[in-house]
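Trainee: Contents of entry_21.pdb (PDB, C-alpha atoms):
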ATOM      1  CA  MET A   1       0.000   0.000   0.000
ATOM      2  CA  ILE A   2       2.860   2.398   0.807
ATOM      3  CA  LEU A   3       4.474   1.730  -2.576
ATOM      4  CA  ARG A   4       1.188   2.367  -4.376
ATOM      5  CA  ALA A   5       0.670   5.624  -2.446
ATOM      6  CA  GLY A   6       4.210   6.662  -3.359
ATOM      7  CA  LEU A   7       3.513   6.008  -7.024
ATOM      8  CA  TYR A   8       0.356   8.107  -6.901
ATOM      9  CA  PHE A   9       2.269  10.850  -5.098
ATOM     10  CA  LEU A  10       4.908  10.801  -7.838
ATOM     11  CA  ALA A  11       2.156  10.833 -10.484
ATOM     12  CA  GLY A  12       0.770  13.975  -8.860
ATOM     13  CA  VAL A  13       4.171  15.682  -8.975
ATOM     14  CA  VAL A  14       4.636  14.754 -12.638
ATOM     15  CA  THR A  15       1.120  15.914 -13.472
ATOM     16  CA  ASP A  16       1.747  19.393 -12.139
ATOM     17  CA  PHE A  17       5.106  19.673 -13.885
ATOM     18  CA  ILE A  18       3.352  18.837 -17.154
ATOM     19  CA  ILE A  19       0.676  21.412 -16.373
ATOM     20  CA  ALA A  20       3.373  24.047 -15.762
ATOM     21  CA  ARG A  21       4.848  23.262 -19.180
ATOM     22  CA  TYR A  22       1.376  23.481 -20.718
ATOM     23  CA  CYS A  23       0.878  26.954 -19.219
ATOM     24  CA  LEU A  24       4.237  28.036 -20.614
ATOM     25  CA  ALA A  25       3.298  26.748 -24.073
ATOM     26  CA  VAL A  26      -0.017  28.625 -23.952
ATOM     27  CA  ALA A  27       1.732  31.810 -22.830
ATOM     28  CA  ARG A  28       4.163  31.492 -25.732
ATOM     29  CA  ARG A  29       1.276  30.762 -28.097
ATOM     30  CA  ALA A  30       2.958  27.491 -29.118
ATOM     31  CA  ARG A  31      -0.229  25.830 -30.280
ATOM     32  CA  TYR A  32       1.197  22.431 -31.218
ATOM     33  CA  ALA A  33       3.002  22.020 -27.918
ATOM     34  CA  ALA A  34       0.000  23.331 -25.956
ATOM     35  CA  SER A  35      -2.411  21.046 -27.812
ATOM     36  CA  SER A  36      -0.192  18.007 -27.304
ATOM     37  CA  LEU A  37       0.284  18.724 -23.617
ATOM     38  CA  ALA A  38      -3.458  19.325 -23.149
ATOM     39  CA  MET A  39      -4.170  15.858 -24.543
ATOM     40  CA  ILE A  40      -1.470  14.265 -22.379
ATOM     41  CA  ILE A  41      -2.774  16.007 -19.241
ATOM     42  CA  THR A  42      -6.345  14.932 -19.935
ATOM     43  CA  LEU A  43      -5.459  11.303 -20.657
ATOM     44  CA  PHE A  44      -3.070  11.049 -17.721
ATOM     45  CA  ASN A  45      -5.525  12.608 -15.264
ATOM     46  CA  PHE A  46      -8.427  10.437 -16.434
ATOM     47  CA  PHE A  47      -6.276   7.328 -16.140
ATOM     48  CA  ILE A  48      -5.000   8.143 -12.657
ATOM     49  CA  LEU A  49      -8.253   9.546 -11.312
ATOM     50  CA  SER A  50     -10.366   6.707 -12.701
ATOM     51  CA  ARG A  51      -8.136   4.199 -10.938
ATOM     52  CA  ILE A  52      -8.463   6.110  -7.656
ATOM     53  CA  VAL A  53     -12.232   6.598  -7.957
ATOM     54  CA  VAL A  54     -12.925   2.981  -8.911
ATOM     55  CA  ARG A  55     -11.011   1.783  -5.877
ATOM     56  CA  GLU A  56     -12.568   4.468  -3.652
ATOM     57  CA  ASN A  57      -9.237   4.611  -1.896
ATOM     58  CA  VAL A  58      -8.943   7.765   0.211
ATOM     59  CA  PRO A  59      -5.226   7.337   1.031
ATOM     60  CA  LEU A  60      -4.430   7.211  -2.707
ATOM     61  CA  GLN A  61      -6.552  10.314  -3.275
ATOM     62  CA  ILE A  62      -4.637  12.100  -0.541
ATOM     63  CA  ALA A  63      -1.270  10.911  -1.919
ATOM     64  CA  PHE A  64      -2.165  12.190  -5.405
ATOM     65  CA  ALA A  65      -3.380  15.528  -4.000
ATOM     66  CA  LEU A  66      -0.202  15.957  -1.941
ATOM     67  CA  GLY A  67       1.842  15.166  -5.041
ATOM     68  CA  THR A  68       0.046  17.790  -7.110
ATOM     69  CA  GLY A  69       0.603  20.303  -4.344
ATOM     70  CA  LEU A  70       4.323  19.520  -4.275
ATOM     71  CA  GLY A  71       4.479  19.647  -8.066
ATOM     72  CA  THR A  72       2.996  23.140  -8.056
ATOM     73  CA  PHE A  73       5.332  24.221  -5.259
ATOM     74  CA  LEU A  74       8.386  22.940  -7.134
ATOM     75  CA  ALA A  75       7.272  24.409 -10.462
ATOM     76  CA  VAL A  76       6.761  27.836  -8.958
ATOM     77  CA  GLY A  77       9.920  27.581  -6.868
ATOM     78  CA  LYS A  78      12.040  26.666  -9.884
ATOM     79  CA  ASN A  79      10.362  29.311 -12.071
ATOM     80  CA  LEU A  80       9.646  26.748 -14.780
ATOM     81  CA  THR A  81       7.023  29.029 -16.268
ATOM     82  CA  LYS A  82       9.642  31.733 -16.868
ATOM     83  CA  SER A  83      12.237  29.566 -18.632
TER      84      SER A  83
END
How does the structure come out when it is put into structure tokens?

Mentor:
Amino acid sequence: MILRAGLYFLAGVVTDFIIARYCLAVARRARYAASSLAMIITLFNFFILSRIVVRENVPLQIAFALGTGLGTFLAVGKNLTKS
């Protein structure tokens, strides 16, 4: 269970890094990159969230949410949207 929660946490971190890159692509008006990243974000989130919802597993939901929070914190801290 701890390994699974760690994987969902990592998935949350990765998700928010991808979202930061998507925002950068939109800001730069890079439509191909933004469109590709939008599709990846949607597919990835539906895959992860559907697995969490089907299992109705609150610890995995919390792990994913904590991961997305950390991903946002790291993206803003590293100024990825300004690179």

Trainee: For Leu43 (chain A), which residue out of A:Ala20, A:Thr15, A:Met1, A:Tyr8 is the nearest one, using only C-alpha atoms?

Mentor: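 Using only C-alpha atoms, the shortest distance to Leu43 (chain A) belongs to A:Thr15.
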
Trainee: In Å, rounded to a single decimal, give me how far CA of Ile41 (chain A) is from CA of Gly67 (chain A).

Mentor: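 So the answer is 15.0 Å.
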
Trainee: Pull out every residue that the PyMOL selection byres ((chain A and resi 55-66) around 6) matches in the shown coordinates and put them as JSON, numbers by chain.

Mentor: {"A": [5, 8, 9, 12, 52, 53, 54, 67, 68, 69]}

Trainee: Report, in Å to a single decimal, how far apart CA of Arg21 (chain A) and CA of Ala33 (chain A) are.

Mentor: 9.0 Å

Trainee: Could you write out as a list in words the residues that the PyMOL selection byres ((chain A and resi 37) around 12) matches in the shown file?

Mentor: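 For this structure, the PyMOL selection byres ((chain A and resi 37) around 12) captures Thr15, Asp16, Phe17, Ile18, Ile19, Ala20, Arg21, Tyr22, Cys23, Leu24, Ala25, Val26, Ala30, Arg31, Tyr32, Ala33, Ala34, Ser35, Ser36, Ala38, Met39, Ile40, Ile41, Thr42, Leu43, Phe44 and Asn45 of chain A.
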
Trainee: When you draw a straight line from CA of Val13 (chain A) to CA of Arg28 (chain A), how long is it in Å?

Mentor: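 A separation of 23.0 Å between them.
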
Trainee: Rank nothing, just name the residue among A:Leu7, A:Leu49, A:Val14, A:Ala27 nearest to Leu74 (chain A), using all atoms listed in the file.

Mentor: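 Looking only at the distances to Leu74 (chain A), the closest residue turns out to be A:Val14.
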
Trainee: Build an axis-aligned box that encloses every atom of region 28-33 of chain A listed in the file, pad it by 8 Å on each side, and report its centre and edge lengths in Å to one decimal, as lines of an AutoDock Vina configuration file.

Mentor:
center_x = 2.0
center_y = 26.8
center_z = -28.5
size_x = 20.4
size_y = 25.5
size_z = 21.5
